[in-house]
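What's in my_file08.pdb: PDB, C-alpha atoms, pLDDT in the B column
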ATOM      1  CA  MET A   1       4.859  35.747 -19.521  1.00 50.00           C
ATOM      2  CA  ALA A   2       1.139  35.670 -20.303  1.00 61.00           C
ATOM      3  CA  GLY A   3      -0.971  32.547 -19.977  1.00 63.00           C
ATOM      4  CA  VAL A   4      -2.734  30.366 -17.516  1.00 68.00           C
ATOM      5  CA  PHE A   5      -1.069  28.427 -14.784  1.00 65.00           C
ATOM      6  CA  ILE A   6      -2.781  25.699 -12.784  1.00 65.00           C
ATOM      7  CA  ARG A   7      -1.210  23.979  -9.831  1.00 63.00           C
ATOM      8  CA  LEU A   8      -2.690  20.784  -8.488  1.00 59.00           C
ATOM      9  CA  ASP A   9      -1.489  19.312  -5.229  1.00 61.00           C
ATOM     10  CA  VAL A  10      -2.557  15.782  -4.467  1.00 62.00           C
ATOM     11  CA  GLU A  11      -2.052  15.133  -0.808  1.00 65.00           C
ATOM     12  CA  ASP A  12      -3.193  11.534  -0.642  1.00 65.00           C
ATOM     13  CA  LEU A  13      -2.524   9.516  -3.775  1.00 71.00           C
ATOM     14  CA  GLY A  14      -3.344   6.373  -1.790  1.00 71.00           C
ATOM     15  CA  LEU A  15      -7.024   7.342  -1.672  1.00 73.00           C
ATOM     16  CA  ALA A  16      -7.119   7.961  -5.437  1.00 74.00           C
ATOM     17  CA  ARG A  17      -5.318   4.680  -6.119  1.00 78.00           C
ATOM     18  CA  SER A  18      -7.763   2.828  -3.886  1.00 81.00           C
ATOM     19  CA  ALA A  19     -10.746   4.327  -5.717  1.00 80.00           C
ATOM     20  CA  LEU A  20      -9.265   3.441  -9.106  1.00 83.00           C
ATOM     21  CA  ARG A  21      -8.481  -0.088  -7.930  1.00 87.00           C
ATOM     22  CA  GLY A  22     -12.139  -0.481  -6.886  1.00 84.00           C
ATOM     23  CA  ILE A  23     -13.341   0.696 -10.299  1.00 86.00           C
ATOM     24  CA  ARG A  24     -10.953  -1.688 -12.054  1.00 90.00           C
ATOM     25  CA  GLU A  25     -12.106  -4.626  -9.917  1.00 91.00           C
ATOM     26  CA  ARG A  26     -15.808  -3.870 -10.507  1.00 90.00           C
ATOM     27  CA  ALA A  27     -15.167  -3.451 -14.252  1.00 92.00           C
ATOM     28  CA  GLU A  28     -13.884  -7.027 -14.475  1.00 93.00           C
ATOM     29  CA  ASP A  29     -17.409  -8.402 -14.038  1.00 95.00           C
ATOM     30  CA  LEU A  30     -20.321  -6.195 -15.099  1.00 95.00           C
ATOM     31  CA  ARG A  31     -23.058  -8.834 -14.830  1.00 96.00           C
ATOM     32  CA  VAL A  32     -24.846  -7.013 -11.989  1.00 96.00           C
ATOM     33  CA  PRO A  33     -25.371  -3.678 -13.785  1.00 96.00           C
ATOM     34  CA  LEU A  34     -25.902  -5.387 -17.144  1.00 97.00           C
ATOM     35  CA  ARG A  35     -28.722  -7.444 -15.634  1.00 97.00           C
ATOM     36  CA  ALA A  36     -30.402  -4.216 -14.476  1.00 97.00           C
ATOM     37  CA  ALA A  37     -29.802  -2.759 -17.941  1.00 97.00           C
ATOM     38  CA  GLY A  38     -31.366  -5.859 -19.521  1.00 97.00           C
ATOM     39  CA  PHE A  39     -34.573  -5.404 -17.547  1.00 98.00           C
ATOM     40  CA  HIS A  40     -34.662  -1.756 -18.604  1.00 97.00           C
ATOM     41  CA  MET A  41     -34.201  -2.733 -22.252  1.00 97.00           C
ATOM     42  CA  LEU A  42     -37.031  -5.297 -22.044  1.00 97.00           C
ATOM     43  CA  ALA A  43     -39.333  -2.551 -20.759  1.00 97.00           C
ATOM     44  CA  SER A  44     -38.263  -0.325 -23.646  1.00 97.00           C
ATOM     45  CA  ILE A  45     -39.008  -3.089 -26.162  1.00 97.00           C
ATOM     46  CA  ARG A  46     -42.475  -3.587 -24.636  1.00 96.00           C
ATOM     47  CA  GLU A  47     -43.062   0.143 -25.123  1.00 97.00           C
ATOM     48  CA  ASN A  48     -42.057  -0.217 -28.795  1.00 97.00           C
ATOM     49  CA  PHE A  49     -44.799  -2.821 -29.187  1.00 96.00           C
ATOM     50  CA  ARG A  50     -47.329  -0.783 -27.198  1.00 95.00           C
ATOM     51  CA  VAL A  51     -46.975   2.324 -29.389  1.00 95.00           C
ATOM     52  CA  GLY A  52     -46.382   0.509 -32.687  1.00 95.00           C
ATOM     53  CA  GLY A  53     -42.743   1.443 -33.243  1.00 96.00           C
ATOM     54  CA  ARG A  54     -40.342   4.091 -31.985  1.00 95.00           C
ATOM     55  CA  PRO A  55     -38.982   6.517 -32.952  1.00 93.00           C
ATOM     56  CA  SER A  56     -40.838   5.913 -36.234  1.00 94.00           C
ATOM     57  CA  ARG A  57     -44.155   4.117 -36.440  1.00 96.00           C
ATOM     58  CA  TRP A  58     -44.101   0.685 -38.062  1.00 96.00           C
ATOM     59  CA  VAL A  59     -45.446   0.157 -41.562  1.00 95.00           C
ATOM     60  CA  PRO A  60     -49.206  -0.448 -41.296  1.00 92.00           C
ATOM     61  CA  LEU A  61     -50.646  -3.882 -41.946  1.00 90.00           C
ATOM     62  CA  SER A  62     -51.590  -4.711 -45.525  1.00 88.00           C
ATOM     63  CA  PRO A  63     -55.303  -4.810 -46.470  1.00 89.00           C
ATOM     64  CA  VAL A  64     -55.065  -8.616 -46.796  1.00 85.00           C
ATOM     65  CA  THR A  65     -53.633  -8.959 -43.302  1.00 84.00           C
ATOM     66  CA  LEU A  66     -56.188  -6.524 -41.914  1.00 86.00           C
ATOM     67  CA  ARG A  67     -59.039  -8.635 -43.298  1.00 86.00           C
ATOM     68  CA  ARG A  68     -57.507 -11.807 -41.844  1.00 82.00           C
ATOM     69  CA  LYS A  69     -56.876 -10.289 -38.408  1.00 77.00           C
ATOM     70  CA  TRP A  70     -60.042  -8.238 -38.055  1.00 76.00           C
ATOM     71  CA  PRO A  71     -61.101  -7.047 -35.513  1.00 75.00           C
ATOM     72  CA  GLU A  72     -57.621  -7.325 -33.915  1.00 72.00           C
ATOM     73  CA  THR A  73     -55.463  -4.957 -35.946  1.00 75.00           C
ATOM     74  CA  ARG A  74     -52.413  -4.163 -33.838  1.00 85.00           C
ATOM     75  CA  VAL A  75     -49.174  -4.392 -35.792  1.00 91.00           C
ATOM     76  CA  LEU A  76     -46.897  -7.266 -34.620  1.00 91.00           C
ATOM     77  CA  ILE A  77     -49.316  -8.211 -31.851  1.00 89.00           C
ATOM     78  CA  GLU A  78     -51.698 -11.030 -32.558  1.00 84.00           C
ATOM     79  CA  THR A  79     -51.072 -13.263 -29.564  1.00 87.00           C
ATOM     80  CA  GLY A  80     -48.242 -11.304 -27.908  1.00 91.00           C
ATOM     81  CA  ARG A  81     -45.936 -14.293 -28.317  1.00 95.00           C
ATOM     82  CA  LEU A  82     -43.198 -12.370 -30.139  1.00 96.00           C
ATOM     83  CA  MET A  83     -43.113  -9.596 -27.551  1.00 96.00           C
ATOM     84  CA  ARG A  84     -43.031 -12.087 -24.662  1.00 96.00           C
ATOM     85  CA  SER A  85     -40.325 -14.196 -26.321  1.00 97.00           C
ATOM     86  CA  ILE A  86     -37.580 -11.605 -26.031  1.00 97.00           C
ATOM     87  CA  ARG A  87     -34.988 -12.496 -23.427  1.00 97.00           C
ATOM     88  CA  PHE A  88     -31.602 -11.190 -22.456  1.00 97.00           C
ATOM     89  CA  ARG A  89     -28.390 -12.843 -21.418  1.00 97.00           C
ATOM     90  CA  THR A  90     -25.450 -11.252 -19.672  1.00 96.00           C
ATOM     91  CA  GLY A  91     -21.785 -12.078 -19.677  1.00 96.00           C
ATOM     92  CA  ARG A  92     -18.969 -10.481 -17.717  1.00 95.00           C
ATOM     93  CA  SER A  93     -18.928  -7.577 -20.182  1.00 93.00           C
ATOM     94  CA  SER A  94     -21.857  -8.168 -22.533  1.00 94.00           C
ATOM     95  CA  LEU A  95     -25.617  -7.953 -22.777  1.00 95.00           C
ATOM     96  CA  ALA A  96     -27.437  -9.745 -25.598  1.00 95.00           C
ATOM     97  CA  LEU A  97     -31.148  -9.621 -26.382  1.00 95.00           C
ATOM     98  CA  ARG A  98     -32.835 -12.167 -28.605  1.00 94.00           C
ATOM     99  CA  SER A  99     -35.923 -14.133 -29.474  1.00 96.00           C
ATOM    100  CA  ARG A 100     -35.876 -17.791 -30.456  1.00 95.00           C
ATOM    101  CA  ILE A 101     -39.150 -17.540 -32.353  1.00 96.00           C
ATOM    102  CA  ARG A 102     -38.649 -18.433 -35.993  1.00 93.00           C
ATOM    103  CA  TYR A 103     -40.461 -15.373 -37.373  1.00 94.00           C
ATOM    104  CA  ALA A 104     -38.752 -12.837 -35.077  1.00 96.00           C
ATOM    105  CA  ARG A 105     -35.942 -12.022 -37.502  1.00 96.00           C
ATOM    106  CA  ILE A 106     -38.135 -11.342 -40.533  1.00 96.00           C
ATOM    107  CA  HIS A 107     -40.302  -8.921 -38.574  1.00 96.00           C
ATOM    108  CA  GLN A 108     -37.217  -7.095 -37.289  1.00 97.00           C
ATOM    109  CA  ARG A 109     -35.444  -6.869 -40.659  1.00 96.00           C
ATOM    110  CA  GLY A 110     -38.154  -7.465 -43.253  1.00 97.00           C
ATOM    111  CA  GLY A 111     -37.954  -9.833 -46.208  1.00 96.00           C
ATOM    112  CA  HIS A 112     -39.883 -12.370 -48.228  1.00 96.00           C
ATOM    113  CA  ALA A 113     -41.753 -15.330 -46.797  1.00 92.00           C
ATOM    114  CA  GLY A 114     -44.486 -17.831 -47.542  1.00 89.00           C
ATOM    115  CA  PRO A 115     -44.837 -20.246 -50.446  1.00 92.00           C
ATOM    116  CA  GLY A 116     -42.268 -19.340 -53.052  1.00 94.00           C
ATOM    117  CA  ARG A 117     -41.187 -16.424 -50.860  1.00 93.00           C
ATOM    118  CA  GLN A 118     -43.803 -14.277 -52.608  1.00 92.00           C
ATOM    119  CA  ILE A 119     -45.071 -12.431 -49.564  1.00 90.00           C
ATOM    120  CA  HIS A 120     -43.160  -9.267 -48.721  1.00 93.00           C
ATOM    121  CA  ILE A 121     -42.976  -8.491 -45.016  1.00 94.00           C
ATOM    122  CA  PRO A 122     -41.743  -4.954 -44.327  1.00 96.00           C
ATOM    123  CA  ALA A 123     -39.155  -4.379 -41.604  1.00 97.00           C
ATOM    124  CA  ARG A 124     -40.775  -3.432 -38.336  1.00 97.00           C
ATOM    125  CA  PRO A 125     -37.780  -3.081 -36.016  1.00 97.00           C
ATOM    126  CA  TYR A 126     -38.871  -3.739 -32.460  1.00 96.00           C
ATOM    127  CA  LEU A 127     -35.347  -4.150 -31.039  1.00 96.00           C
ATOM    128  CA  VAL A 128     -34.742  -0.412 -31.226  1.00 95.00           C
ATOM    129  CA  PHE A 129     -33.506   1.618 -28.315  1.00 94.00           C
ATOM    130  CA  GLN A 130     -33.960   5.287 -27.707  1.00 95.00           C
ATOM    131  CA  LYS A 131     -31.230   7.767 -26.822  1.00 96.00           C
ATOM    132  CA  SER A 132     -32.691   7.902 -23.316  1.00 96.00           C
ATOM    133  CA  ASP A 133     -32.269   4.100 -23.005  1.00 96.00           C
ATOM    134  CA  VAL A 134     -28.571   4.372 -23.832  1.00 94.00           C
ATOM    135  CA  GLU A 135     -28.192   7.192 -21.292  1.00 95.00           C
ATOM    136  CA  ILE A 136     -29.939   5.150 -18.585  1.00 96.00           C
ATOM    137  CA  VAL A 137     -27.759   2.104 -19.253  1.00 95.00           C
ATOM    138  CA  GLY A 138     -24.680   4.334 -19.098  1.00 94.00           C
ATOM    139  CA  ARG A 139     -25.862   5.703 -15.773  1.00 95.00           C
ATOM    140  CA  ILE A 140     -26.531   2.193 -14.398  1.00 96.00           C
ATOM    141  CA  VAL A 141     -23.049   0.985 -15.345  1.00 94.00           C
ATOM    142  CA  GLY A 142     -21.392   4.233 -14.213  1.00 93.00           C
ATOM    143  CA  GLU A 143     -23.012   4.106 -10.776  1.00 93.00           C
ATOM    144  CA  TYR A 144     -21.945   0.490 -10.388  1.00 94.00           C
ATOM    145  CA  LEU A 145     -18.357   1.298 -11.313  1.00 92.00           C
ATOM    146  CA  ALA A 146     -18.354   4.208  -8.884  1.00 90.00           C
ATOM    147  CA  GLY A 147     -19.258   1.818  -6.083  1.00 87.00           C
ATOM    148  CA  GLY A 148     -23.056   2.045  -6.071  1.00 76.00           C
ATOM    149  CA  SER A 149     -25.265  -1.024  -6.033  1.00 63.00           C
TER
END
Can I see the file as structure tokens?
Amino acid sequence: MAGVFIRLDVEDLGLARSALRGIRERAEDLRVPLRAAGFHMLASIRENFRVGGRPSRWVPLSPVTLRRKWPETRVLIETGRLMRSIRFRTGRSSLALRSRIRYARIHQRGGHAGPGRQIHIPARPYLVFQKSDVEIVGRIVGEYLAGGS
């Protein structure tokens, strides 16, 4: 009979069960790795502000805004308050990032504001994470589950 045959002998199932039990116990409360992930995500968000949007650059400021802000012309950074306002919170299995500043949402998603909602503010998403961020967070959580610190 043609084909492939694989034989696996497990001599000590107790060791495997112990390792799996440790993973299960650590998975019940992920606050430690999620806190580390939160600090990583804050650094990534600061980089978004520093470069003016990632992976795509943010929409440039309008001529009216440029005249009002001159000579400071960095998009989404006038005082730095928005960037500094972002915080994270962890739960046993969750990580949430947010800003309590009133204008944070409109800059993230875009929309209309001002008197009569006549001013259009384009979306300039600053809560954007790169593929490398997701990989790093996965590595942080994976190492924790495997018994690392």
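Using only C-alpha atoms, the nearest neighbour of Val134 (chain A) within the list A:Leu15, A:Ala27, A:Ser44, A:Arg102 is A:Ser44.
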| message | Expand the PyMOL selection byres ((chain A and resi 61) around 9) into the explicit residue set it covers here, and present it as a PyMOL selection string. | response | chain A and resi 58-60+62-66+73-76
| If you measure from CA of Arg84 (chain A) to CA of Arg46 (chain A), what distance in Å do you get, rounded to one decimal? |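 Atom-to-atom, CA of Arg84 (chain A) to CA of Arg46 (chain A), that is 8.5 Å.
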| Which is closest to Gly38 (chain A) among A:Arg57, A:Arg50, A:Arg24, A:Arg89, if we use all atoms listed in the file? |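 Result for the nearest residue to Gly38 (chain A): A:Arg89.
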| field | Nearest to Arg92 (chain A), chosen from A:Glu28, A:Leu13, A:Val51, A:Gly22, with only C-alpha atoms counted in the distances | value |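 Using only C-alpha atoms, the shortest distance to Arg92 (chain A) belongs to A:Glu28.
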| query | By how many Å are CA of Asn48 (chain A) and CA of Gly80 (chain A) apart? | reply | 12.7 Å
| task | Enumerate, as a count of residues only, the residues matched when the PyMOL selection byres ((chain A and resi 81) around 12) is run on the file above. | result | 18
| message | For Ala123 (chain A), find every residue with an atom within 10 Å (counting all atoms listed in the file), except residues of its own chain fewer than 4 positions away, and show them as number ranges by chain. | response | A: 58-59, 105-111
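One distance worth recording is that between CA of Pro122 (chain A) and CA of Arg87 (chain A), which is 23.2 Å.
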| field | Nearest residue to Pro125 (chain A) from the set A:Arg35, A:His40, A:Ala19, A:Ser56 (distances using all atoms listed in the file) | value | A:Ser56
| Selection result of the PyMOL selection byres ((chain A and resi 145) around 7) on this file, as a PyMOL selection string | chain A and resi 23+26-27+141-144+146-147
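Comparing A:Ala37, A:Ser18, A:Arg124, A:Glu25 by their smallest distance to Ser94 (chain A), the closest is A:Ala37 (using only C-alpha atoms).
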Please put the answer as AutoDock Vina command-line options: centre and edge lengths, in Å with one decimal, of a box along x, y and z that encloses all listed atoms of region 51-63 of chain A plus 3 Å on each side.
--center_x -47.1 --center_y 0.9 --center_z -37.9 --size_x 22.3 --size_y 17.3 --size_z 23.1
Quick one: region 63-106 of chain A from the block, N, CA and C atoms, as a compact mmCIF listing (two decimals), in the first residue's frame.
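out35.txt, freshly written:
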# COMPACT_ATOMS: atom_id res chain seq x y z
N PRO A 63 -6.34 75.82 3.04
CA PRO A 63 -5.68 77.13 3.01
C PRO A 63 -6.14 78.04 4.16
N VAL A 64 -7.42 77.97 4.52
CA VAL A 64 -7.93 78.79 5.62
C VAL A 64 -7.25 78.40 6.93
N THR A 65 -7.16 77.11 7.18
CA THR A 65 -6.52 76.63 8.40
C THR A 65 -5.03 76.97 8.39
N LEU A 66 -4.40 76.83 7.24
CA LEU A 66 -2.98 77.17 7.15
C LEU A 66 -2.73 78.62 7.52
N ARG A 67 -3.58 79.52 7.04
CA ARG A 67 -3.42 80.95 7.36
C ARG A 67 -3.61 81.18 8.86
N ARG A 68 -4.58 80.49 9.46
CA ARG A 68 -4.85 80.67 10.88
C ARG A 68 -3.72 80.11 11.74
N LYS A 69 -3.13 79.00 11.32
CA LYS A 69 -2.12 78.33 12.14
C LYS A 69 -0.69 78.80 11.85
N TRP A 70 -0.49 79.53 10.78
CA TRP A 70 0.87 79.89 10.39
C TRP A 70 1.60 80.53 11.54
N PRO A 71 2.85 80.23 11.82
CA PRO A 71 3.75 79.38 11.04
C PRO A 71 3.68 77.90 11.40
N GLU A 72 2.94 77.53 12.45
CA GLU A 72 2.80 76.12 12.82
C GLU A 72 1.82 75.46 11.86
N THR A 73 2.30 74.49 11.08
CA THR A 73 1.43 73.91 10.06
C THR A 73 1.38 72.38 10.11
N ARG A 74 1.65 71.79 11.24
CA ARG A 74 1.59 70.34 11.32
C ARG A 74 0.15 69.87 11.48
N VAL A 75 -0.23 68.92 10.67
CA VAL A 75 -1.60 68.40 10.68
C VAL A 75 -1.87 67.69 12.02
N LEU A 76 -3.00 68.02 12.64
CA LEU A 76 -3.48 67.46 13.91
C LEU A 76 -2.59 67.79 15.12
N ILE A 77 -1.59 68.63 14.93
CA ILE A 77 -0.76 69.00 16.07
C ILE A 77 -0.69 70.52 16.15
N GLU A 78 -1.45 71.06 17.05
CA GLU A 78 -1.35 72.49 17.32
C GLU A 78 -0.73 72.65 18.71
N THR A 79 -1.32 71.99 19.67
CA THR A 79 -0.78 72.03 21.04
C THR A 79 -0.25 70.66 21.47
N GLY A 80 -0.61 69.61 20.73
CA GLY A 80 -0.23 68.25 21.12
C GLY A 80 -1.22 67.61 22.07
N ARG A 81 -2.27 68.34 22.40
CA ARG A 81 -3.25 67.85 23.38
C ARG A 81 -3.93 66.56 22.93
N LEU A 82 -4.34 66.50 21.67
CA LEU A 82 -5.01 65.30 21.17
C LEU A 82 -4.09 64.09 21.29
N MET A 83 -2.88 64.22 20.82
CA MET A 83 -1.92 63.11 20.86
C MET A 83 -1.67 62.66 22.30
N ARG A 84 -1.53 63.60 23.21
CA ARG A 84 -1.26 63.25 24.61
C ARG A 84 -2.50 62.71 25.33
N SER A 85 -3.67 62.93 24.78
CA SER A 85 -4.90 62.53 25.47
C SER A 85 -5.23 61.05 25.31
N ILE A 86 -4.56 60.37 24.44
CA ILE A 86 -4.91 58.97 24.17
C ILE A 86 -4.39 58.09 25.29
N ARG A 87 -5.29 57.29 25.81
CA ARG A 87 -5.00 56.39 26.93
C ARG A 87 -5.50 55.00 26.57
N PHE A 88 -5.01 54.03 27.32
CA PHE A 88 -5.54 52.68 27.12
C PHE A 88 -6.00 52.12 28.45
N ARG A 89 -6.85 51.13 28.33
CA ARG A 89 -7.41 50.45 29.50
C ARG A 89 -7.43 48.96 29.18
N THR A 90 -7.03 48.16 30.14
CA THR A 90 -7.04 46.72 29.92
C THR A 90 -8.06 46.05 30.82
N GLY A 91 -8.59 44.97 30.30
CA GLY A 91 -9.44 44.08 31.07
C GLY A 91 -8.78 42.71 31.06
N ARG A 92 -9.44 41.72 31.58
CA ARG A 92 -8.86 40.38 31.61
C ARG A 92 -8.54 39.86 30.21
N SER A 93 -9.33 40.28 29.22
CA SER A 93 -9.10 39.81 27.85
C SER A 93 -9.31 40.92 26.83
N SER A 94 -9.14 42.17 27.23
CA SER A 94 -9.39 43.27 26.29
C SER A 94 -8.41 44.42 26.50
N LEU A 95 -8.21 45.14 25.42
CA LEU A 95 -7.40 46.35 25.42
C LEU A 95 -8.17 47.39 24.63
N ALA A 96 -8.46 48.53 25.26
CA ALA A 96 -9.21 49.60 24.59
C ALA A 96 -8.39 50.88 24.64
N LEU A 97 -8.33 51.57 23.51
CA LEU A 97 -7.66 52.86 23.43
C LEU A 97 -8.71 53.91 23.17
N ARG A 98 -8.52 55.10 23.78
CA ARG A 98 -9.51 56.15 23.58
C ARG A 98 -8.94 57.50 23.98
N SER A 99 -9.66 58.52 23.56
CA SER A 99 -9.39 59.89 23.99
C SER A 99 -10.72 60.46 24.46
N ARG A 100 -10.69 61.22 25.53
CA ARG A 100 -11.91 61.85 26.03
C ARG A 100 -12.07 63.28 25.52
N ILE A 101 -11.18 63.71 24.66
CA ILE A 101 -11.28 65.06 24.11
C ILE A 101 -12.44 65.10 23.12
N ARG A 102 -13.25 66.11 23.23
CA ARG A 102 -14.46 66.24 22.43
C ARG A 102 -14.20 66.14 20.93
N TYR A 103 -13.12 66.74 20.44
CA TYR A 103 -12.88 66.78 19.00
C TYR A 103 -12.09 65.57 18.48
N ALA A 104 -11.77 64.62 19.33
CA ALA A 104 -10.99 63.45 18.91
C ALA A 104 -11.72 62.64 17.84
N ARG A 105 -12.99 62.39 18.04
CA ARG A 105 -13.75 61.54 17.12
C ARG A 105 -13.84 62.13 15.72
N ILE A 106 -14.10 63.44 15.62
CA ILE A 106 -14.27 64.03 14.29
C ILE A 106 -12.96 64.02 13.51
